[in-house]
Structures are given as structure tokens and as C-alpha cells.
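Text of upload.txt, listed as compact mmCIF, C-alpha atoms and all ligand atoms:
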```
# COMPACT_ATOMS: atom_id res chain seq x y z
CA MET K 289 55.25 -141.57 -68.58
CA ASP K 290 53.07 -142.37 -65.62
CA LYS K 291 53.99 -141.44 -62.06
CA SER K 292 56.54 -144.26 -61.95
CA GLY K 293 58.21 -142.90 -65.09
CA LYS K 294 57.09 -145.65 -67.46
CA LYS K 295 55.62 -145.02 -70.89
CA ILE K 296 51.86 -145.34 -71.38
CA ARG K 297 51.37 -148.31 -73.69
CA ILE K 298 48.56 -148.17 -76.20
CA ALA K 299 46.75 -150.87 -78.13
CA ILE K 300 44.89 -149.70 -81.22
CA PHE K 301 41.93 -151.93 -82.09
CA ALA K 302 41.09 -151.54 -85.78
CA SER K 303 39.70 -153.70 -88.55
CA GLY K 304 39.61 -151.47 -91.60
CA ALA K 305 41.79 -149.34 -93.82
CA GLY K 306 43.51 -147.88 -90.79
CA SER K 307 43.66 -144.22 -91.79
CA ASN K 308 43.02 -143.17 -88.18
CA ALA K 309 45.52 -145.72 -86.88
CA ARG K 310 48.09 -144.23 -89.26
CA VAL K 311 47.74 -140.67 -87.94
CA ILE K 312 47.64 -141.87 -84.34
CA ILE K 313 50.82 -143.92 -84.80
CA SER K 314 52.64 -141.05 -86.44
CA THR K 315 51.55 -138.58 -83.74
CA LEU K 316 52.59 -140.90 -80.92
CA LYS K 317 55.99 -141.47 -82.49
CA GLU K 318 56.71 -137.84 -81.65
CA VAL K 319 55.92 -138.07 -77.95
CA GLU K 320 58.19 -139.43 -75.27
CA ASP K 321 55.76 -140.62 -72.66
CA ALA K 322 53.56 -142.98 -74.70
CA GLU K 323 53.88 -145.60 -77.43
CA VAL K 324 51.69 -147.76 -79.63
CA ALA K 325 52.63 -151.21 -78.38
CA LEU K 326 50.09 -153.30 -80.26
CA VAL K 327 47.53 -153.27 -83.05
CA VAL K 328 44.61 -155.64 -82.53
CA CYS K 329 42.65 -156.66 -85.62
CA ASN K 330 39.90 -159.14 -86.35
CA LYS K 331 40.26 -159.19 -90.12
CA ALA K 332 43.14 -160.85 -91.94
CA GLY K 333 44.08 -158.63 -94.88
CA ALA K 334 42.85 -155.36 -93.34
CA GLY K 335 44.88 -152.32 -94.42
CA VAL K 336 45.72 -151.50 -90.82
CA ILE K 337 47.87 -154.65 -90.57
CA ASN K 338 50.35 -153.37 -93.15
CA ILE K 339 50.40 -149.95 -91.55
CA ALA K 340 51.37 -151.54 -88.22
CA ARG K 341 53.94 -153.91 -89.71
CA ASN K 342 55.63 -151.07 -91.61
CA GLU K 343 56.06 -149.35 -88.27
CA ASN K 344 57.32 -152.52 -86.58
CA ILE K 345 54.32 -152.62 -84.29
CA GLU K 346 53.16 -156.02 -83.08
CA VAL K 347 49.87 -157.17 -84.63
CA LEU K 348 47.47 -159.47 -82.81
CA LEU K 349 44.91 -161.12 -85.08
CA ILE K 350 42.03 -162.13 -82.87
CA GLU K 351 39.35 -164.81 -83.12
CA ARG K 352 35.72 -164.13 -82.37
CA GLU K 353 35.15 -167.11 -80.10
CA ARG K 354 38.05 -166.32 -77.80
CA PHE K 355 37.33 -162.57 -77.85
CA PHE K 356 33.84 -163.02 -76.45
CA LYS K 357 34.51 -165.94 -74.10
CA GLY K 358 35.45 -165.47 -70.44
CA ASP K 359 38.45 -163.23 -70.00
CA GLY K 360 39.34 -163.73 -73.68
CA TYR K 361 42.37 -161.65 -74.59
CA ILE K 362 42.53 -159.67 -71.33
CA PRO K 363 45.46 -161.70 -69.91
CA PHE K 364 47.38 -161.10 -73.14
CA LEU K 365 46.72 -157.34 -72.99
CA LYS K 366 47.83 -157.27 -69.36
CA GLU K 367 50.99 -159.30 -70.12
CA THR K 368 51.72 -156.88 -72.95
CA LYS K 369 51.29 -154.12 -70.36
CA VAL K 370 48.66 -152.26 -72.34
CA ASP K 371 47.45 -149.20 -70.39
CA LEU K 372 45.03 -147.67 -72.88
CA ILE K 373 42.86 -149.09 -75.67
CA VAL K 374 42.11 -146.88 -78.66
CA LEU K 375 39.29 -148.03 -80.94
CA ALA K 376 39.71 -146.84 -84.51
CA GLY K 377 37.24 -148.59 -86.75
CA PHE K 378 36.85 -151.74 -84.67
CA LEU K 379 33.42 -153.23 -85.28
CA TRP K 380 32.97 -155.84 -82.57
CA LYS K 381 31.36 -154.78 -79.33
CA ILE K 382 33.88 -154.70 -76.51
CA PRO K 383 32.96 -157.44 -73.99
CA ASP K 384 31.88 -156.23 -70.53
CA GLN K 385 34.80 -158.01 -68.91
CA MET K 386 37.30 -156.04 -71.00
CA ILE K 387 35.50 -152.80 -70.21
CA GLY K 388 35.73 -153.66 -66.51
CA ALA K 389 39.45 -154.42 -66.84
CA TYR K 390 40.07 -151.13 -68.68
CA ARG K 391 37.44 -148.84 -67.12
CA ASN K 392 37.86 -145.26 -68.45
CA ARG K 393 40.81 -146.47 -70.48
CA ILE K 394 39.01 -147.33 -73.72
CA ILE K 395 38.34 -144.51 -76.17
CA ASN K 396 36.35 -144.60 -79.41
CA ILE K 397 35.60 -142.29 -82.29
CA HIS K 398 32.18 -142.27 -83.92
CA PRO K 399 31.62 -140.58 -87.30
CA ALA K 400 28.52 -138.58 -86.28
CA LEU K 401 27.22 -136.38 -83.50
CA LEU K 402 26.11 -138.82 -80.80
CA PRO K 403 23.59 -139.52 -79.36
CA LYS K 404 22.18 -139.24 -82.87
CA PHE K 405 23.09 -141.90 -85.43
CA GLY K 406 24.71 -144.32 -83.00
CA GLY K 407 24.00 -147.86 -81.89
CA LYS K 408 24.22 -151.31 -83.39
CA GLY K 409 24.68 -151.34 -87.16
CA MET K 410 25.54 -147.65 -87.26
CA TYR K 411 29.00 -147.69 -88.75
CA GLY K 412 30.73 -146.73 -91.97
CA GLN K 413 28.64 -145.39 -94.83
CA ALA K 414 25.37 -146.37 -93.08
CA VAL K 415 25.93 -143.51 -90.65
CA HIS K 416 26.44 -140.91 -93.37
CA GLU K 417 23.51 -142.23 -95.40
CA ALA K 418 21.25 -141.92 -92.36
CA VAL K 419 22.44 -138.35 -91.70
CA ILE K 420 21.67 -137.36 -95.30
CA GLN K 421 18.33 -139.13 -95.36
CA ASN K 422 17.35 -137.30 -92.20
CA LYS K 423 18.22 -133.98 -93.88
CA GLU K 424 20.55 -132.95 -91.07
CA SER K 425 22.24 -129.59 -91.54
CA GLU K 426 25.35 -130.73 -89.68
CA SER K 427 27.29 -133.83 -88.79
CA GLY K 428 30.71 -134.43 -87.29
CA ILE K 429 32.62 -136.66 -84.92
CA THR K 430 32.20 -137.81 -81.35
CA ILE K 431 35.12 -139.02 -79.28
CA HIS K 432 33.95 -140.85 -76.18
CA LEU K 433 34.90 -143.27 -73.46
CA VAL K 434 33.55 -146.76 -74.01
CA ASP K 435 31.13 -148.35 -71.59
CA GLU K 436 28.95 -151.46 -71.72
CA HIS K 437 26.52 -149.98 -74.27
CA TYR K 438 27.07 -149.21 -77.94
CA ASP K 439 28.16 -145.59 -78.59
CA HIS K 440 27.11 -144.55 -75.11
CA GLY K 441 30.06 -143.70 -72.80
CA ASP K 442 30.98 -140.19 -71.63
CA VAL K 443 31.58 -137.80 -74.49
CA ILE K 444 35.04 -136.24 -74.40
CA PHE K 445 34.91 -134.14 -77.54
CA GLN K 446 32.76 -133.32 -80.56
CA ALA K 447 33.56 -131.41 -83.75
CA ARG K 448 31.04 -130.41 -86.38
CA CYS K 449 30.86 -129.95 -90.12
CA ALA K 450 28.07 -128.62 -92.34
CA VAL K 451 26.02 -131.00 -94.44
CA SER K 452 25.07 -129.33 -97.72
CA PRO K 453 22.05 -130.33 -99.80
CA ASP K 454 24.27 -131.80 -102.51
CA ASP K 455 26.37 -133.91 -100.12
CA THR K 456 26.37 -137.67 -100.69
CA ALA K 457 27.41 -140.28 -98.12
CA GLU K 458 30.78 -140.29 -99.84
CA THR K 459 31.41 -136.53 -99.80
CA LEU K 460 30.18 -136.32 -96.22
CA SER K 461 32.47 -139.18 -95.18
CA LYS K 462 35.45 -137.19 -96.51
CA LYS K 463 34.51 -134.15 -94.42
CA VAL K 464 34.08 -136.31 -91.34
CA GLN K 465 37.32 -138.17 -91.95
CA HIS K 466 39.13 -134.85 -92.13
CA LEU K 467 37.80 -134.02 -88.64
CA GLU K 468 38.78 -137.47 -87.35
CA HIS K 469 42.39 -137.17 -88.46
CA ARG K 470 42.63 -133.64 -87.14
CA HIS K 471 41.17 -134.26 -83.69
CA TYR K 472 41.52 -137.91 -82.66
CA PRO K 473 45.30 -137.86 -82.09
CA GLU K 474 45.10 -134.69 -79.98
CA GLN K 475 42.27 -136.08 -77.84
CA ILE K 476 44.25 -139.28 -77.28
CA LEU K 477 47.19 -137.16 -76.13
CA ASN K 478 44.87 -135.40 -73.68
CA LEU K 479 43.66 -138.71 -72.30
CA ILE K 480 47.25 -139.92 -71.96
CA SER K 481 48.10 -136.90 -69.82
CA GLU K 482 45.01 -137.45 -67.75
CA ILE K 483 45.90 -141.12 -67.17
CA LYS K 484 49.42 -140.12 -66.20
CA ASN K 485 48.03 -137.83 -63.54
CA ARG K 486 45.42 -140.22 -62.18
CA ALA K 487 46.24 -141.87 -58.92
CA THR K 488 46.80 -145.52 -59.76
C1 LIG N 501 36.19 -144.12 -88.94
O1 LIG N 501 35.23 -143.44 -89.67
C2 LIG N 501 35.81 -144.13 -87.48
O2 LIG N 501 35.03 -143.04 -87.11
C3 LIG N 501 34.98 -145.36 -87.36
O3 LIG N 501 35.57 -146.28 -88.26
C4 LIG N 501 36.25 -145.58 -89.30
C5 LIG N 501 37.64 -146.11 -89.40
O4 LIG N 501 38.29 -145.69 -90.57
N1 LIG N 501 34.84 -145.76 -86.00
P1 LIG N 501 39.84 -146.00 -90.78
O5 LIG N 501 40.02 -147.51 -90.85
O6 LIG N 501 40.59 -145.40 -89.65
O7 LIG N 501 40.20 -145.36 -92.09
```
Would you mind writing the structure in this file as C-alpha cells?
Ligand code: GRF
Amino acid sequence: MDKSGKKIRIAIFASGAGSNARVIISTLKEVEDAEVALVVCNKAGAGVINIARNENIEVLLIERERFFKGDGYIPFLKETKVDLIVLAGFLWKIPDQMIGAYRNRIINIHPALLPKFGGKGMYGQAVHEAVIQNKESESGITIHLVDEHYDHGDVIFQARCAVSPDDTAETLSKKVQHLEHRHYPEQILNLISEIKNRAT
């Protein structure tokens, strides 16, 4: 709850399989002061849609043109009383206007150790392939606030894993995914408590 005693309402933006969304939803079901109010998705048929529907969470399927135009979906998010936006495999860049409306209230997870291997086009297997090609000895996850630039906002948390010479993009992605599921829910809980304590 925030200072007025109301629950912090979260929108998860995701467009993929939704494995992170799944662990976040199940973690937040156990807490009293926050709830996943909405899942926002830009891809009909994405796995995350079924995950949300099975949990009776409202799904908003968004259109590109409206998302990037003017205030886009901001009025809808405000009407839905969304306090915090959690990006979990959402590939569109968040428009500046939405960042302004939710300053320090948008969190993302990146499957590498930023500032390395970030930026436009760096998502999914491309990230892990680049890490391996560069012969990095470690990779990991970066959880950060979202600002107007790709993969750039303040870093909240990083966790590392070793990259062995026989790792492929696929084996590395499993190691990284393990870190994501272990740490993203707990970092979201931390941000929720911080938001609750912020003067509004
Ligand atoms: C994760 O690797 C996350 O780091 C990235 O997108 C992927 C989403 O996977 N931002 P999933 O849909 O949660 O399984």
C-alpha cells in the first residue's frame, strides 16, 4: 500500500513467452500491498497473454500507431490507476511521453551486463550470441530504471554468471534466465517499497 493505504498497481509490458511475467505474477500474488492489474502486449498470440488470462488479469493488446502517437495509451494507464510499469520482454521503445508520465516508475530487465551488449537490436538470442562472440568470461542480468535512451537508465541491480568456452547462445540464455527468475521479482518488490515510501 502507499501512504494512503491503497495497493500499488502494476502493469507488466511483455510480448514474448512470458516466463518472467509468470514468476512476477506469482510472487505478487503473495504480497498484500501490490497487485498486477494489467498485462500490456503488442503481439496477438504471445504466450504471456494466456498466462495473464489464466490468472484473471486484464490484457491490453496495443497497436503500434496509437502507442507512439501523442499521449497514446497514457490516459488508459492512468484510468486503470497503474502506478508502476514492469517491462519483461517488451521490444518497443517506450515513448518519451510515457517515460515522463511514469518517471522512475518504469523498470526493465536486460539479459546482459550493461552498459555492454545493450542498445537497439540487442535483445533475445542476439545478446547471448554477441557475448559469446566477444569471448566474454561472464554475463548476467541488469535491472534498471527506464529513461529516454535504450538500455540506459539508472542500474538498480546486476547479477553475474560465468560463460564457459563450450557455452552456446542457448546454454547461456538458460543461465541468464535462471538469474532473471531469481532476482527480478525481488527487485520489483524493493521498488514497490521504495515507491510506497516516496512522498507523492
Ligand atoms: C528476457 O530475457 C528479458 O531479459 C528480456 O526479454 C526476455 C523475456 O523473456 N528483456 P520471457 O518472455 O519473460 O520468457
(request) Within 8 Å of ligand LIG 501 (chain N), which residues show up when you count all atoms listed in the file? List them as JSON, numbers by chain, please. (result) {"K": [302, 303, 304, 305, 306, 307, 308, 309, 310, 335, 336, 375, 376, 377, 378, 379, 396, 397, 398, 399, 400, 411, 412, 429, 461, 464, 465, 468]}
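Candidate residues K:Lys294, K:Ile345, K:Ser425, K:Asn392 were compared for distance to Ser314 of chain K, and the nearest is K:Ile345, using all atoms listed in the file.
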Considering all atoms listed in the file, give me a table of residues in segment 409-455 of chain K that are at most 10 Å from segment 476-480 of chain K, with the closest atom pair and distance in Å for each, as a tab-separated table.
```
residue	atom	partner	partner_atom	distance
K:Ile431	CA	K:Ile476	CA	9.4
K:Leu433	CA	K:Leu479	CA	9.9
K:Ile444	CA	K:Leu479	CA	9.2
```
Contacts of segment 355-364 of chain K at 10 Å (only C-alpha atoms; same-chain gap of 6+ positions) as a PDB file with C-alpha atoms, in the frame of the given file:
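Output contents, as saved in out.pdb:
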```pdb
ATOM      1  CA  ASN K 330      39.900-159.140 -86.350  1.00  0.00           C
ATOM      2  CA  LEU K 348      47.470-159.470 -82.810  1.00  0.00           C
ATOM      3  CA  VAL K 370      48.660-152.260 -72.340  1.00  0.00           C
ATOM      4  CA  TRP K 380      32.970-155.840 -82.570  1.00  0.00           C
ATOM      5  CA  LYS K 381      31.360-154.780 -79.330  1.00  0.00           C
ATOM      6  CA  ILE K 382      33.880-154.700 -76.510  1.00  0.00           C
ATOM      7  CA  PRO K 383      32.960-157.440 -73.990  1.00  0.00           C
ATOM      8  CA  ASP K 384      31.880-156.230 -70.530  1.00  0.00           C
ATOM      9  CA  GLN K 385      34.800-158.010 -68.910  1.00  0.00           C
ATOM     10  CA  MET K 386      37.300-156.040 -71.000  1.00  0.00           C
ATOM     11  CA  ILE K 387      35.500-152.800 -70.210  1.00  0.00           C
ATOM     12  CA  ALA K 389      39.450-154.420 -66.840  1.00  0.00           C
ATOM     13  CA  TYR K 390      40.070-151.130 -68.680  1.00  0.00           C
TER      14      TYR K 390
END
```
(message) Restricting the calculation to all atoms listed in the file: of K:Asp439, K:Lys462, K:Gly388, K:Thr430, which residue gets closest to Gly407 of chain K?
(response)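 Of K:Asp439, K:Lys462, K:Gly388, K:Thr430, the one nearest Gly407 of chain K, counting all atoms listed in the file, is K:Asp439.
Separating atom CA of Val319 of chain K from atom CA of Glu343 of chain K is a distance of 15.3 Å.
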(request) For atom CA of Cys449 of chain K and atom CA of Glu424 of chain K, quote the distance in Å rounded to one decimal. (result) 10.8 Å
(request) Would you please work out which residue, of K:Gly441, K:Gly333, K:Pro453, K:Gly406, is nearest to Glu426 of chain K when using only C-alpha atoms? (result)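 Closest candidate: K:Pro453.
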(request) Write out as a list in words which residues come within 10 Å of Leu372 of chain K when counting all atoms listed in the file, dropping same-chain ones fewer than 4 positions away. (result)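 Final neighbour list, sorted by chain and number: Ile296, Arg297, Ile298, Ala299, Ile300, Ala322, Val324, Leu365, Tyr390, Arg391, Asn392, Arg393, Ile394, Ile395, Ile476, Leu479, Ile480 and Ile483 of chain K.
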Could you put an axis-aligned box around every listed atom of segment 428-436 of chain K, padded by 8 Å on each side, and send me its centre and edge lengths in Å to one decimal, as AutoDock Vina command-line options?
```
--center_x 32.0 --center_y -142.9 --center_z -79.4 --size_x 22.2 --size_y 33.0 --size_z 31.7
```
(message) So that I can check the surroundings of Ala332 of chain K, please list as a list in words every protein, DNA and RNA residue that reaches within 10 Å of it, counting all atoms listed in the file and ignoring chain neighbours fewer than 5 positions away.
(response)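 Residues meeting the cut-off are Ser303, Ile337, Leu349 and Ile350 of chain K.
The coordinates place atom CA of Thr456 of chain K at 19.3 Å from atom CA of Gly409 of chain K.
Distances here use all atoms listed in the file; by that measure, the residue among K:Asp455, K:Asp442, K:Glu436, K:Glu482 closest to Pro403 of chain K is K:Asp442.
Distances from K:Gln413, K:Gln446, K:Asn485, K:Asn338 to Tyr472 of chain K were compared using all atoms listed in the file, and the smallest one belongs to K:Gln446.
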(message) Every residue with an atom at most 7 Å from (31.5, -129.6, -82.8) (file coordinates; all atoms listed in the file) is what I'm after, so could you write them as a PyMOL selection string?
(response) chain K and resi 428+446-448
